[in-house]
Amino acid sequence: MDQNVIRVENLVKYFDGRCVLDGINLKVPQGCIYGLLGRNGAGKTTIIRILLGLEPPTRGQTFLLDTDSSDLSAKLHSRIGYVAEGHNLIQNYRVGRLIQLCKDLSMSWNDEFFEQLIEKFRLPTDRRVKELSIGMRAQLNLALALAIDPELLIFDDPTLGLDTIARRQFLELAIDLIQRQGRTILFSSHILSDVERIADRIGIFAAGKLVVDCPLEELKKRVKKLRVIFPEAAPSNLYLKEIVNQQIDDREMVITVANWNRQKQTVLDTFKPSSCTEIPMSLEDIFIECTRPSPELIES
Amino acid sequence: MFTLIKREIRDHIVYFIGAAVLSAIFIIVSIFVINQIGSSQRSGYSDVDSGMFSVGVGVPTVAIVIIGFCGLGTSQMYLDRTRKISAFLSTLAVSRGRILLARIITGILVILILLVPLTITAATLLRLYAPPVLIYHGMVFEIFTVAFLMAFSCYCIGLQTGWNSGKVAPTLGGIALACIFIPLILIKGFGLQIVVILVLFIIASLIRIRHTFLTTSL
């Protein structure tokens, strides 16, 4: 089998003449926890839906577990766990009936683990799905996805609407899963601290393009935010390439630069700054900088 | 597959009950009328007009079959679309093709629940009351076949109507089709020609439904 559990090749998707995904190429190796980031409408859910065969692509191909997404068999689906955005469960079913349906349709079902989760989440099985809170629905969806003991887990903003404790529980479960060898997780979220906590590779979508696709640590090394103080008014142009963002306030300049290296440091030194200090950046800061205009600057 | 069929049956149980009740009503009415005709023939005085009876029972029956089975198909697909049932099911160990097949099998079951008891009753009554003429041999089977195909055609129209966001074109198509089929049956009878036409229509409908269901976004 290919080492890449998820493969996306030149994927293009148009909705009513509007380009949502513009030539995406992506590979997620086995055992990787891939964090998919992007602003609302960036195309995260669309790419996940295309991967699962729920949405046809306009152009390009996607592969899950070495199989074209449009040809995913029932057997292959049994190896994939999916927690959808908004938790698309059958709303008018009672929880117990929905569980039984999923159990009957699954090829492998870990009853013991599922019961543990149901008890942990305190999910009432006699209530209808639509009567559950958003948090409970998320937990039910998660429990259903995990009960089949999947090789590949796809989470589309799974913590949306969860309170802090439920979110923590969810992350702990995800970490527990990560510790089981060979599991691959594709994780899309708006809560960057969650992604930062569990992901080991990051992809950032902006304007339909995958502008960042690299390991999290590498991303943090590649993007630098510097506070530079000049003896006189800060120059309007530093003649540096790959400036993601630049703010000038009299003698002070705050710049965010991609792929910071010795050469760029030398160019900066020619302006004889009084001081140059690095501002530590969280993933959230990097994300905000990357999704501003001209994000292609830090494209790999 | 059995799980999917069971799910469809539970979700549309009202149609199963409706078909069973309707079948029972038709059986009771038929037995009652045949009895009346039999007793009036024995007494030599007929107060039941068999022609009027045929029209009185036949027309509402056809209308109920058309509306009922169109309704079943529409309801199955419409509820699926609005409740995103297939979107959820197809993320489990189920293919879209199987979901559709289970749905169609359920539709066929409803049709059979309505028609099989009626056919058995009609065959029994013919054996009891009709004169032993060759013309009656196979007549019940022919009527059953055409009625089944007719009901299934209506069901197929319903499936298409329910899956489309635009309702006007499929509904008008269904009405136009009913307007063609009913006179055709009246003129040509329950013969081979109508069977061929209905089979062709059903095949075309099923191909279209399958293509639409398998390729559109869920």
# chains A, B, ... in the order shown; residues from 1 in each chain; ligands from 1

$ closest_atom_pairs --of "stretch 32-101 of chain A" --to "stretch 84-100 of chain B" --cutoff "12 Å" --atoms "only C-alpha atoms" --output "JSON lines"
{"residue": "A:Ile48", "atom": "CA", "partner": "B:Thr91", "partner_atom": "CA", "distance": 11.6}
{"residue": "A:Arg49", "atom": "CA", "partner": "B:Ala87", "partner_atom": "CA", "distance": 9.9}
{"residue": "A:Ile50", "atom": "CA", "partner": "B:Thr91", "partner_atom": "CA", "distance": 12.0}
{"residue": "A:Leu51", "atom": "CA", "partner": "B:Thr91", "partner_atom": "CA", "distance": 11.0}
{"residue": "A:Leu52", "atom": "CA", "partner": "B:Thr91", "partner_atom": "CA", "distance": 7.3}
{"residue": "A:Gly53", "atom": "CA", "partner": "B:Ser90", "partner_atom": "CA", "distance": 8.7}
{"residue": "A:Leu54", "atom": "CA", "partner": "B:Ala87", "partner_atom": "CA", "distance": 6.9}
{"residue": "A:Glu55", "atom": "CA", "partner": "B:Ala87", "partner_atom": "CA", "distance": 10.0}
{"residue": "A:Ser69", "atom": "CA", "partner": "B:Thr91", "partner_atom": "CA", "distance": 11.8}
{"residue": "A:Ser70", "atom": "CA", "partner": "B:Ser95", "partner_atom": "CA", "distance": 10.6}
{"residue": "A:Asp71", "atom": "CA", "partner": "B:Ser95", "partner_atom": "CA", "distance": 9.3}
{"residue": "A:Leu72", "atom": "CA", "partner": "B:Ser95", "partner_atom": "CA", "distance": 7.7}
{"residue": "A:Ser73", "atom": "CA", "partner": "B:Ser95", "partner_atom": "CA", "distance": 6.1}
{"residue": "A:Ala74", "atom": "CA", "partner": "B:Ala93", "partner_atom": "CA", "distance": 4.3}
{"residue": "A:Lys75", "atom": "CA", "partner": "B:Ala93", "partner_atom": "CA", "distance": 6.0}
{"residue": "A:Leu76", "atom": "CA", "partner": "B:Ala93", "partner_atom": "CA", "distance": 7.3}
{"residue": "A:His77", "atom": "CA", "partner": "B:Ala93", "partner_atom": "CA", "distance": 4.8}
{"residue": "A:Ser78", "atom": "CA", "partner": "B:Ala93", "partner_atom": "CA", "distance": 4.5}
{"residue": "A:Arg79", "atom": "CA", "partner": "B:Ala93", "partner_atom": "CA", "distance": 8.2}
{"residue": "A:Ile80", "atom": "CA", "partner": "B:Thr91", "partner_atom": "CA", "distance": 8.0}
{"residue": "A:Gly81", "atom": "CA", "partner": "B:Thr91", "partner_atom": "CA", "distance": 7.8}
{"residue": "A:Tyr82", "atom": "CA", "partner": "B:Thr91", "partner_atom": "CA", "distance": 6.8}
{"residue": "A:Val83", "atom": "CA", "partner": "B:Thr91", "partner_atom": "CA", "distance": 9.3}
{"residue": "A:Ala84", "atom": "CA", "partner": "B:Phe88", "partner_atom": "CA", "distance": 8.9}
{"residue": "A:Glu85", "atom": "CA", "partner": "B:Phe88", "partner_atom": "CA", "distance": 11.7}
{"residue": "A:Gly86", "atom": "CA", "partner": "B:Phe88", "partner_atom": "CA", "distance": 11.8}
{"residue": "A:His87", "atom": "CA", "partner": "B:Phe88", "partner_atom": "CA", "distance": 9.2}
{"residue": "A:Asn88", "atom": "CA", "partner": "B:Phe88", "partner_atom": "CA", "distance": 6.3}
{"residue": "A:Leu89", "atom": "CA", "partner": "B:Phe88", "partner_atom": "CA", "distance": 6.2}
{"residue": "A:Ile90", "atom": "CA", "partner": "B:Ile85", "partner_atom": "CA", "distance": 5.9}
{"residue": "A:Gln91", "atom": "CA", "partner": "B:Ile85", "partner_atom": "CA", "distance": 9.0}
{"residue": "A:Asn92", "atom": "CA", "partner": "B:Ile85", "partner_atom": "CA", "distance": 10.3}
{"residue": "A:Tyr93", "atom": "CA", "partner": "B:Ile85", "partner_atom": "CA", "distance": 10.6}
{"residue": "A:Leu98", "atom": "CA", "partner": "B:Leu89", "partner_atom": "CA", "distance": 10.6}
{"residue": "A:Ile99", "atom": "CA", "partner": "B:Leu92", "partner_atom": "CA", "distance": 11.9}
{"residue": "A:Leu101", "atom": "CA", "partner": "B:Leu89", "partner_atom": "CA", "distance": 9.4}

$ closest_residue --among "A:Phe170, A:Leu160, A:Leu123, A:Thr270" --to "A:Leu142" --atoms "only C-alpha atoms"
A:Phe170

$ atom_distance --atom1 "atom CA of A:Asn4" --atom2 "atom CA of A:Val28"
5.3 Å

$ select_by_dssp --residues "stretch 7-254 of chain A" --states "strand (DSSP E)" --output "PyMOL selection string"
chain A and resi 7-15+18-29+33-38+59-64+67-68+80-83+152-156+184-188+201-206+209-215+223-229+243-249+252-254

$ closest_residue --among "A:Ile202, A:Val212, A:Met281, A:Ile191" --to "A:Lys224" --atoms "only C-alpha atoms"
A:Met281

$ atom_distance --atom1 "atom CA of B:Pro183" --atom2 "atom CA of B:Met150"
12.9 Å

$ residues_around --residues "A:Pro235" --least-positions-apart "2" --cutoff "9 Å" --atoms "only C-alpha atoms" --output "MDAnalysis selection string"
chainID A and resid 230 232:233 237:238 248 251 253 271

$ decode --residues "stretch 101-118 of chain A" --atoms "C-alpha atoms" --output "PDB file, in the first residue's frame"
ATOM      1  CA  LEU A 101     -28.299   1.112  12.972  1.00  0.00           C
ATOM      2  CA  CYS A 102     -24.605   2.062  12.955  1.00  0.00           C
ATOM      3  CA  LYS A 103     -23.740  -1.153  14.772  1.00  0.00           C
ATOM      4  CA  ASP A 104     -25.702  -3.294  12.307  1.00  0.00           C
ATOM      5  CA  LEU A 105     -24.125  -1.561   9.336  1.00  0.00           C
ATOM      6  CA  SER A 106     -20.552  -1.681  10.628  1.00  0.00           C
ATOM      7  CA  MET A 107     -18.123  -4.465   9.781  1.00  0.00           C
ATOM      8  CA  SER A 108     -16.295  -4.227  13.104  1.00  0.00           C
ATOM      9  CA  TRP A 109     -17.772  -2.741  16.256  1.00  0.00           C
ATOM     10  CA  ASN A 110     -15.958  -2.370  19.557  1.00  0.00           C
ATOM     11  CA  ASP A 111     -18.894  -2.725  21.946  1.00  0.00           C
ATOM     12  CA  GLU A 112     -16.849  -2.439  25.116  1.00  0.00           C
ATOM     13  CA  PHE A 113     -15.106   0.768  24.023  1.00  0.00           C
ATOM     14  CA  PHE A 114     -18.384   2.231  22.768  1.00  0.00           C
ATOM     15  CA  GLU A 115     -20.153   1.514  26.066  1.00  0.00           C
ATOM     16  CA  GLN A 116     -17.282   3.195  27.903  1.00  0.00           C
ATOM     17  CA  LEU A 117     -17.671   6.287  25.735  1.00  0.00           C
ATOM     18  CA  ILE A 118     -21.443   6.389  26.176  1.00  0.00           C
TER      19      ILE A 118
END
